[in-house]
Amino acid sequence: MPSVRLSLTRRAIRPLCLVLVMSGVTQHAPARADSVPFWGAKASVPIDTPISHLKKGEFLWMGEAVTTGPVVMVISITEQRGYVYRNGVLIGATTVSTGRPGHQTPTGVFTVLQKQKEHRSTIYDGAPMPYMERLTWGGVALHAGGLPGYPESHGCIHLPSEFAQRLFDISPNGMTVVIGTEQTAPEQVAHPGYLAPVKFVGGRPVEPEAFGAKEDEHWEPELSRSGPVSIVLSQASQLIVVYRNGIEIGRARLTVSGDTPLINHALVLTEGPSTVPDPYVPDPAKFSWLRIGVPGHIGEQGTQVDPNAVARIQMPADFAARINGVLTPGATLLVTNEALYPQTSGPMVQVVDADPPANSQPVHSPRS
């Protein structure tokens with residue numbers, strides 16, 4: 001790294017956003033002092049990689065698995081991890097770097113107030129903050145930045161560059177972002193799993209939900225009468241959960257026979273007859289589940305489900321019929337051998353006011 005030190009001016013290395021020497025995952029140094037570094041890994045890890053095994057700068061992205069529905073992001077300061085959900089299903093997870101001591105990242109429920117692809121700090125010598133998504137008018141934002149493996153920002157949430165770009169491309173203004181720790185987060189936020197652990201609603205407190213409170217079978221399609229449908233099937237939890245427009249409308253117990261773990265897969269319901277006996281489509285003569293190419297399984301794009309895996313899955317017949325009644329082409333299914341909810345505890349998270357400041361008040365640039 002000596003060559004990196006010599007290629008940077010003192011002005012360029014002062015901000016924490018540019019701590020290249022401290023971040024072991026920077027892919028290449030800038031060619032000149034005012035260029036923008038690239039932080040973190042260049043590609044997603046395979047979908048089968050446990051999120052807890054992500055190394056600094058690494059991320060998982062399977063945005064192709066769910067392409068419609070509301071988007072929410074959860075930041076776990078405790079884990080230094082970020083989780084992105086679309087239509088209630090995990091589509092991305094990443095290592096992050098939050099605020100260092102004395103510059104702690106605030107906890108609470110935020111909404112994205114402003115987006116800017118190319119942004120530089122007005123506080124820290126023009127430090128680059130690519131793919132900036134503002135969370136507060138006081139200077140806290142999501143953006144690409146240094147990832148040393150521990151909290152080292154001035155309050156912002158640093159993301160890998162590639163992950164930040166992908167998130168920027170799909171996240172709307174108004175996206176809900178929940179930031180929590182084990183001490184401040186509601187249930188299932190500090191260590192979320194494959195299902196969205198929070199409501200897609202900003203501007204109000206998020207009430208804690210006891211782990212396991214909804215484990216018994218229920219079917220409430222009236223909670224969300226329209227919108228895209230996503231399903232998560234978990235072998236470890238022996239549960240199937242149905243989301244419509246990002247809101248859970250049902251879940252039931254299921255049984256997966258045998259000890260062999262199911263392979264993590266994402267599938268989409270398409271028009272066209274199924275060549276596999278499958279009770280979990282509305283009409284096998286008209287519809288079929290096709291695999292989506294996700295990291296680690298790109299070559300399986302467009303292939304049908306494994307009939308042996310389908311035969312191992314048993315769920316209540318009436319619940320399967322209910323699911324089939326809401327399925328339309330474009331519905332997605334995530335099959336995982338991971339558990340859905342690690343158990344956590346904590347009090348209610350308070351909402352941070354997301355209103356813009358009065359004209360007489362300054363709008364602070366994100367702090368990096």
# chains A, B, ... in the order shown; residues from 1 in each chain; ligands from 1
$ residues_around --residues "Val294 of chain A" --least-positions-apart "3" --cutoff "7 Å" --atoms "only C-alpha atoms" --output "PDB file with N, CA, C and O atoms, in the first residue's frame"
ATOM      1  N   ILE A  47     -25.776 -16.958  -3.745  1.00  0.00           N
ATOM      2  CA  ILE A  47     -26.967 -16.886  -2.921  1.00  0.00           C
ATOM      3  C   ILE A  47     -26.909 -17.834  -1.723  1.00  0.00           C
ATOM      4  O   ILE A  47     -27.527 -17.599  -0.688  1.00  0.00           O
ATOM      5  N   MET A  62     -29.599 -10.229  -5.135  1.00  0.00           N
ATOM      6  CA  MET A  62     -30.433 -11.054  -6.010  1.00  0.00           C
ATOM      7  C   MET A  62     -31.689 -10.264  -6.358  1.00  0.00           C
ATOM      8  O   MET A  62     -32.821 -10.719  -6.197  1.00  0.00           O
ATOM      9  N   HIS A 297     -26.238 -19.481  -9.117  1.00  0.00           N
ATOM     10  CA  HIS A 297     -27.117 -20.365  -9.898  1.00  0.00           C
ATOM     11  C   HIS A 297     -27.536 -19.684 -11.200  1.00  0.00           C
ATOM     12  O   HIS A 297     -28.646 -19.895 -11.691  1.00  0.00           O
ATOM     13  N   ILE A 298     -26.648 -18.889 -11.771  1.00  0.00           N
ATOM     14  CA  ILE A 298     -26.978 -18.150 -12.990  1.00  0.00           C
ATOM     15  C   ILE A 298     -27.337 -19.104 -14.122  1.00  0.00           C
ATOM     16  O   ILE A 298     -28.249 -18.852 -14.906  1.00  0.00           O
TER      17      ILE A 298
END
$ select_by_dssp --residues "segment 46-295 of chain A" --states "alpha helix (DSSP H)" --output "list of chain:residue names"
A:Ser161, A:Glu162, A:Phe163, A:Ala164, A:Gln165, A:Arg166, A:Leu167, A:Phe168, A:Asp169, A:Ile170
$ write_last_selection --atoms "N, CA and C atoms" --output "PDB file, in the first residue's frame"
ATOM      1  N   SER A 161     -19.496   0.019  -3.310  1.00  0.00           N
ATOM      2  CA  SER A 161     -19.866   0.826  -4.471  1.00  0.00           C
ATOM      3  C   SER A 161     -20.858   0.122  -5.383  1.00  0.00           C
ATOM      4  N   GLU A 162     -20.606  -1.144  -5.692  1.00  0.00           N
ATOM      5  CA  GLU A 162     -21.492  -1.877  -6.591  1.00  0.00           C
ATOM      6  C   GLU A 162     -22.874  -2.048  -5.970  1.00  0.00           C
ATOM      7  N   PHE A 163     -22.917  -2.361  -4.695  1.00  0.00           N
ATOM      8  CA  PHE A 163     -24.188  -2.521  -3.987  1.00  0.00           C
ATOM      9  C   PHE A 163     -24.937  -1.193  -3.954  1.00  0.00           C
ATOM     10  N   ALA A 164     -24.219  -0.095  -3.659  1.00  0.00           N
ATOM     11  CA  ALA A 164     -24.848   1.218  -3.583  1.00  0.00           C
ATOM     12  C   ALA A 164     -25.486   1.597  -4.914  1.00  0.00           C
ATOM     13  N   GLN A 165     -24.810   1.268  -6.017  1.00  0.00           N
ATOM     14  CA  GLN A 165     -25.366   1.575  -7.326  1.00  0.00           C
ATOM     15  C   GLN A 165     -26.635   0.771  -7.591  1.00  0.00           C
ATOM     16  N   ARG A 166     -26.599  -0.522  -7.273  1.00  0.00           N
ATOM     17  CA  ARG A 166     -27.782  -1.360  -7.513  1.00  0.00           C
ATOM     18  C   ARG A 166     -28.957  -0.906  -6.648  1.00  0.00           C
ATOM     19  N   LEU A 167     -28.670  -0.567  -5.396  1.00  0.00           N
ATOM     20  CA  LEU A 167     -29.728  -0.070  -4.520  1.00  0.00           C
ATOM     21  C   LEU A 167     -30.280   1.248  -5.047  1.00  0.00           C
ATOM     22  N   PHE A 168     -29.401   2.142  -5.467  1.00  0.00           N
ATOM     23  CA  PHE A 168     -29.810   3.435  -6.002  1.00  0.00           C
ATOM     24  C   PHE A 168     -30.760   3.258  -7.181  1.00  0.00           C
ATOM     25  N   ASP A 169     -30.483   2.271  -8.021  1.00  0.00           N
ATOM     26  CA  ASP A 169     -31.280   2.060  -9.232  1.00  0.00           C
ATOM     27  C   ASP A 169     -32.701   1.596  -8.936  1.00  0.00           C
ATOM     28  N   ILE A 170     -32.921   0.886  -7.818  1.00  0.00           N
ATOM     29  CA  ILE A 170     -34.267   0.353  -7.554  1.00  0.00           C
ATOM     30  C   ILE A 170     -34.999   1.087  -6.444  1.00  0.00           C
TER      31      ILE A 170
END
$ atom_distance --atom1 "atom CA of Glu222 of chain A" --atom2 "atom CA of Asn87 of chain A"
16.6 Å
$ residues_around --residues "segment 278-286 of chain A" --least-positions-apart "6" --cutoff "12 Å" --atoms "only C-alpha atoms" --output "PDB file with N, CA, C and O atoms, in the first residue's frame"
ATOM      1  N   ILE A 231     -43.688 -15.213  -2.240  1.00  0.00           N
ATOM      2  CA  ILE A 231     -43.799 -16.305  -1.278  1.00  0.00           C
ATOM      3  C   ILE A 231     -42.399 -16.701  -0.836  1.00  0.00           C
ATOM      4  O   ILE A 231     -41.482 -16.772  -1.661  1.00  0.00           O
ATOM      5  N   LEU A 233     -40.497 -19.832   1.233  1.00  0.00           N
ATOM      6  CA  LEU A 233     -40.611 -21.174   1.794  1.00  0.00           C
ATOM      7  C   LEU A 233     -39.311 -21.499   2.513  1.00  0.00           C
ATOM      8  O   LEU A 233     -38.255 -21.502   1.893  1.00  0.00           O
ATOM      9  N   ILE A 240     -44.211 -21.485   5.377  1.00  0.00           N
ATOM     10  CA  ILE A 240     -44.389 -20.809   4.106  1.00  0.00           C
ATOM     11  C   ILE A 240     -45.153 -19.520   4.408  1.00  0.00           C
ATOM     12  O   ILE A 240     -46.129 -19.513   5.149  1.00  0.00           O
ATOM     13  N   LEU A 267     -37.752 -18.349  -7.914  1.00  0.00           N
ATOM     14  CA  LEU A 267     -38.537 -18.778  -9.061  1.00  0.00           C
ATOM     15  C   LEU A 267     -39.608 -17.748  -9.377  1.00  0.00           C
ATOM     16  O   LEU A 267     -40.030 -16.979  -8.504  1.00  0.00           O
ATOM     17  N   VAL A 268     -40.071 -17.742 -10.621  1.00  0.00           N
ATOM     18  CA  VAL A 268     -41.137 -16.845 -11.040  1.00  0.00           C
ATOM     19  C   VAL A 268     -42.211 -17.668 -11.744  1.00  0.00           C
ATOM     20  O   VAL A 268     -41.902 -18.622 -12.479  1.00  0.00           O
ATOM     21  N   LEU A 269     -43.478 -17.336 -11.506  1.00  0.00           N
ATOM     22  CA  LEU A 269     -44.580 -18.030 -12.148  1.00  0.00           C
ATOM     23  C   LEU A 269     -44.778 -17.467 -13.549  1.00  0.00           C
ATOM     24  O   LEU A 269     -44.912 -16.259 -13.731  1.00  0.00           O
ATOM     25  N   THR A 270     -44.773 -18.352 -14.532  1.00  0.00           N
ATOM     26  CA  THR A 270     -44.909 -17.924 -15.923  1.00  0.00           C
ATOM     27  C   THR A 270     -46.037 -18.679 -16.602  1.00  0.00           C
ATOM     28  O   THR A 270     -46.466 -19.745 -16.139  1.00  0.00           O
ATOM     29  N   GLU A 271     -46.510 -18.133 -17.720  1.00  0.00           N
ATOM     30  CA  GLU A 271     -47.503 -18.824 -18.526  1.00  0.00           C
ATOM     31  C   GLU A 271     -46.817 -19.901 -19.355  1.00  0.00           C
ATOM     32  O   GLU A 271     -45.717 -19.702 -19.856  1.00  0.00           O
ATOM     33  N   GLY A 272     -47.455 -21.027 -19.465  1.00  0.00           N
ATOM     34  CA  GLY A 272     -46.879 -22.163 -20.175  1.00  0.00           C
ATOM     35  C   GLY A 272     -46.981 -23.404 -19.323  1.00  0.00           C
ATOM     36  O   GLY A 272     -46.811 -23.327 -18.098  1.00  0.00           O
ATOM     37  N   GLN A 304     -37.102 -25.466 -15.118  1.00  0.00           N
ATOM     38  CA  GLN A 304     -38.223 -25.740 -14.225  1.00  0.00           C
ATOM     39  C   GLN A 304     -37.731 -26.329 -12.910  1.00  0.00           C
ATOM     40  O   GLN A 304     -36.561 -26.698 -12.757  1.00  0.00           O
ATOM     41  N   VAL A 305     -38.642 -26.397 -11.968  1.00  0.00           N
ATOM     42  CA  VAL A 305     -38.303 -26.863 -10.623  1.00  0.00           C
ATOM     43  C   VAL A 305     -37.905 -28.328 -10.645  1.00  0.00           C
ATOM     44  O   VAL A 305     -38.265 -29.084 -11.545  1.00  0.00           O
ATOM     45  N   ASP A 306     -37.167 -28.726  -9.615  1.00  0.00           N
ATOM     46  CA  ASP A 306     -36.756 -30.113  -9.457  1.00  0.00           C
ATOM     47  C   ASP A 306     -37.942 -30.916  -8.933  1.00  0.00           C
ATOM     48  O   ASP A 306     -38.444 -30.646  -7.835  1.00  0.00           O
ATOM     49  N   PRO A 307     -38.437 -31.914  -9.676  1.00  0.00           N
ATOM     50  CA  PRO A 307     -39.609 -32.678  -9.212  1.00  0.00           C
ATOM     51  C   PRO A 307     -39.349 -33.405  -7.898  1.00  0.00           C
ATOM     52  O   PRO A 307     -40.273 -33.586  -7.094  1.00  0.00           O
ATOM     53  N   ASN A 308     -38.109 -33.808  -7.657  1.00  0.00           N
ATOM     54  CA  ASN A 308     -37.795 -34.482  -6.390  1.00  0.00           C
ATOM     55  C   ASN A 308     -37.933 -33.517  -5.216  1.00  0.00           C
ATOM     56  O   ASN A 308     -38.396 -33.901  -4.128  1.00  0.00           O
ATOM     57  N   ALA A 309     -37.543 -32.244  -5.419  1.00  0.00           N
ATOM     58  CA  ALA A 309     -37.695 -31.249  -4.359  1.00  0.00           C
ATOM     59  C   ALA A 309     -39.159 -30.943  -4.107  1.00  0.00           C
ATOM     60  O   ALA A 309     -39.600 -30.832  -2.955  1.00  0.00           O
ATOM     61  N   VAL A 310     -39.949 -30.846  -5.171  1.00  0.00           N
ATOM     62  CA  VAL A 310     -41.383 -30.587  -5.018  1.00  0.00           C
ATOM     63  C   VAL A 310     -42.046 -31.707  -4.236  1.00  0.00           C
ATOM     64  O   VAL A 310     -42.883 -31.473  -3.358  1.00  0.00           O
ATOM     65  N   ALA A 311     -41.650 -32.945  -4.512  1.00  0.00           N
ATOM     66  CA  ALA A 311     -42.255 -34.095  -3.846  1.00  0.00           C
ATOM     67  C   ALA A 311     -41.946 -34.126  -2.352  1.00  0.00           C
ATOM     68  O   ALA A 311     -42.691 -34.725  -1.567  1.00  0.00           O
ATOM     69  N   ARG A 312     -40.867 -33.475  -1.936  1.00  0.00           N
ATOM     70  CA  ARG A 312     -40.487 -33.477  -0.517  1.00  0.00           C
ATOM     71  C   ARG A 312     -41.294 -32.473   0.310  1.00  0.00           C
ATOM     72  O   ARG A 312     -41.293 -32.536   1.536  1.00  0.00           O
ATOM     73  N   ILE A 313     -41.960 -31.541  -0.353  1.00  0.00           N
ATOM     74  CA  ILE A 313     -42.657 -30.452   0.345  1.00  0.00           C
ATOM     75  C   ILE A 313     -44.125 -30.801   0.517  1.00  0.00           C
ATOM     76  O   ILE A 313     -44.827 -31.095  -0.457  1.00  0.00           O
ATOM     77  N   GLN A 314     -44.582 -30.757   1.746  1.00  0.00           N
ATOM     78  CA  GLN A 314     -45.988 -31.016   2.055  1.00  0.00           C
ATOM     79  C   GLN A 314     -46.541 -29.853   2.871  1.00  0.00           C
ATOM     80  O   GLN A 314     -45.955 -29.449   3.865  1.00  0.00           O
ATOM     81  N   MET A 315     -47.687 -29.325   2.435  1.00  0.00           N
ATOM     82  CA  MET A 315     -48.361 -28.275   3.185  1.00  0.00           C
ATOM     83  C   MET A 315     -49.857 -28.569   3.185  1.00  0.00           C
ATOM     84  O   MET A 315     -50.336 -29.382   2.386  1.00  0.00           O
ATOM     85  N   PRO A 316     -50.607 -27.932   4.079  1.00  0.00           N
ATOM     86  CA  PRO A 316     -52.058 -28.181   4.092  1.00  0.00           C
ATOM     87  C   PRO A 316     -52.675 -27.925   2.732  1.00  0.00           C
ATOM     88  O   PRO A 316     -52.409 -26.908   2.090  1.00  0.00           O
ATOM     89  N   ALA A 317     -53.511 -28.856   2.279  1.00  0.00           N
ATOM     90  CA  ALA A 317     -54.097 -28.748   0.951  1.00  0.00           C
ATOM     91  C   ALA A 317     -54.939 -27.489   0.801  1.00  0.00           C
ATOM     92  O   ALA A 317     -54.935 -26.847  -0.261  1.00  0.00           O
ATOM     93  N   ASP A 318     -55.674 -27.121   1.860  1.00  0.00           N
ATOM     94  CA  ASP A 318     -56.522 -25.939   1.742  1.00  0.00           C
ATOM     95  C   ASP A 318     -55.683 -24.668   1.624  1.00  0.00           C
ATOM     96  O   ASP A 318     -56.054 -23.718   0.931  1.00  0.00           O
ATOM     97  N   PHE A 319     -54.513 -24.660   2.285  1.00  0.00           N
ATOM     98  CA  PHE A 319     -53.649 -23.481   2.192  1.00  0.00           C
ATOM     99  C   PHE A 319     -53.041 -23.386   0.798  1.00  0.00           C
ATOM    100  O   PHE A 319     -52.937 -22.285   0.232  1.00  0.00           O
ATOM    101  N   ALA A 320     -52.635 -24.525   0.235  1.00  0.00           N
ATOM    102  CA  ALA A 320     -52.107 -24.530  -1.131  1.00  0.00           C
ATOM    103  C   ALA A 320     -53.153 -24.006  -2.111  1.00  0.00           C
ATOM    104  O   ALA A 320     -52.842 -23.245  -3.028  1.00  0.00           O
ATOM    105  N   ALA A 321     -54.418 -24.385  -1.895  1.00  0.00           N
ATOM    106  CA  ALA A 321     -55.490 -23.917  -2.773  1.00  0.00           C
ATOM    107  C   ALA A 321     -55.678 -22.407  -2.637  1.00  0.00           C
ATOM    108  O   ALA A 321     -55.928 -21.703  -3.621  1.00  0.00           O
ATOM    109  N   ARG A 322     -55.555 -21.894  -1.407  1.00  0.00           N
ATOM    110  CA  ARG A 322     -55.685 -20.455  -1.196  1.00  0.00           C
ATOM    111  C   ARG A 322     -54.573 -19.693  -1.910  1.00  0.00           C
ATOM    112  O   ARG A 322     -54.808 -18.644  -2.519  1.00  0.00           O
ATOM    113  N   ILE A 323     -53.345 -20.212  -1.820  1.00  0.00           N
ATOM    114  CA  ILE A 323     -52.234 -19.565  -2.516  1.00  0.00           C
ATOM    115  C   ILE A 323     -52.488 -19.544  -4.010  1.00  0.00           C
ATOM    116  O   ILE A 323     -52.308 -18.515  -4.676  1.00  0.00           O
ATOM    117  N   ASN A 324     -52.905 -20.678  -4.544  1.00  0.00           N
ATOM    118  CA  ASN A 324     -53.148 -20.762  -5.980  1.00  0.00           C
ATOM    119  C   ASN A 324     -54.211 -19.760  -6.428  1.00  0.00           C
ATOM    120  O   ASN A 324     -54.201 -19.293  -7.571  1.00  0.00           O
ATOM    121  N   GLY A 325     -55.117 -19.410  -5.501  1.00  0.00           N
ATOM    122  CA  GLY A 325     -56.177 -18.463  -5.836  1.00  0.00           C
ATOM    123  C   GLY A 325     -55.695 -17.038  -5.992  1.00  0.00           C
ATOM    124  O   GLY A 325     -56.407 -16.212  -6.583  1.00  0.00           O
ATOM    125  N   VAL A 326     -54.499 -16.707  -5.488  1.00  0.00           N
ATOM    126  CA  VAL A 326     -53.987 -15.329  -5.611  1.00  0.00           C
ATOM    127  C   VAL A 326     -52.797 -15.234  -6.553  1.00  0.00           C
ATOM    128  O   VAL A 326     -52.302 -14.139  -6.809  1.00  0.00           O
ATOM    129  N   LEU A 327     -52.335 -16.368  -7.068  1.00  0.00           N
ATOM    130  CA  LEU A 327     -51.168 -16.364  -7.943  1.00  0.00           C
ATOM    131  C   LEU A 327     -51.526 -15.918  -9.353  1.00  0.00           C
ATOM    132  O   LEU A 327     -52.523 -16.338  -9.922  1.00  0.00           O
ATOM    133  N   THR A 328     -50.695 -15.069  -9.904  1.00  0.00           N
ATOM    134  CA  THR A 328     -50.782 -14.656 -11.295  1.00  0.00           C
ATOM    135  C   THR A 328     -49.367 -14.644 -11.860  1.00  0.00           C
ATOM    136  O   THR A 328     -48.385 -14.614 -11.101  1.00  0.00           O
ATOM    137  N   PRO A 329     -49.214 -14.686 -13.182  1.00  0.00           N
ATOM    138  CA  PRO A 329     -47.865 -14.636 -13.755  1.00  0.00           C
ATOM    139  C   PRO A 329     -47.084 -13.447 -13.229  1.00  0.00           C
ATOM    140  O   PRO A 329     -47.594 -12.335 -13.122  1.00  0.00           O
ATOM    141  N   ALA A 331     -45.646 -13.681 -10.166  1.00  0.00           N
ATOM    142  CA  ALA A 331     -45.469 -13.966  -8.746  1.00  0.00           C
ATOM    143  C   ALA A 331     -44.115 -14.645  -8.541  1.00  0.00           C
ATOM    144  O   ALA A 331     -43.642 -15.381  -9.406  1.00  0.00           O
ATOM    145  N   THR A 332     -43.487 -14.390  -7.396  1.00  0.00           N
ATOM    146  CA  THR A 332     -42.161 -14.932  -7.136  1.00  0.00           C
ATOM    147  C   THR A 332     -42.170 -15.842  -5.921  1.00  0.00           C
ATOM    148  O   THR A 332     -42.991 -15.687  -5.003  1.00  0.00           O
ATOM    149  N   LEU A 333     -41.241 -16.785  -5.916  1.00  0.00           N
ATOM    150  CA  LEU A 333     -41.101 -17.748  -4.829  1.00  0.00           C
ATOM    151  C   LEU A 333     -39.624 -17.873  -4.491  1.00  0.00           C
ATOM    152  O   LEU A 333     -38.793 -18.116  -5.371  1.00  0.00           O
TER     153      LEU A 333
END
$ atom_distance --atom1 "atom CA of Gly139 of chain A" --atom2 "atom CA of Gln80 of chain A"
19.8 Å
$ closest_residue --among "A:Ile77, A:Val112, A:Ala65, A:Ile91" --to "Pro151 of chain A" --atoms "only C-alpha atoms"
A:Ile77
$ closest_residue --among "A:Arg86, A:Lys117, A:His53, A:Arg81" --to "Thr67 of chain A" --atoms "only C-alpha atoms"
A:Arg86
$ residues_around --residues "Thr105 of chain A" --least-positions-apart "3" --cutoff "8 Å" --atoms "only C-alpha atoms" --output "PyMOL selection string"
chain A and resi 98-100+140+154-157
$ closest_residue --among "A:Gln235, A:His158, A:Arg291, A:Ile249" --to "His218 of chain A" --atoms "only C-alpha atoms"
A:Ile249
$ closest_residue --among "A:Val74, A:Val84, A:Leu147, A:Leu290" --to "Lys55 of chain A" --atoms "only C-alpha atoms"
A:Leu147
$ atom_distance --atom1 "atom CA of Ala339 of chain A" --atom2 "atom CA of Thr94 of chain A"
18.3 Å
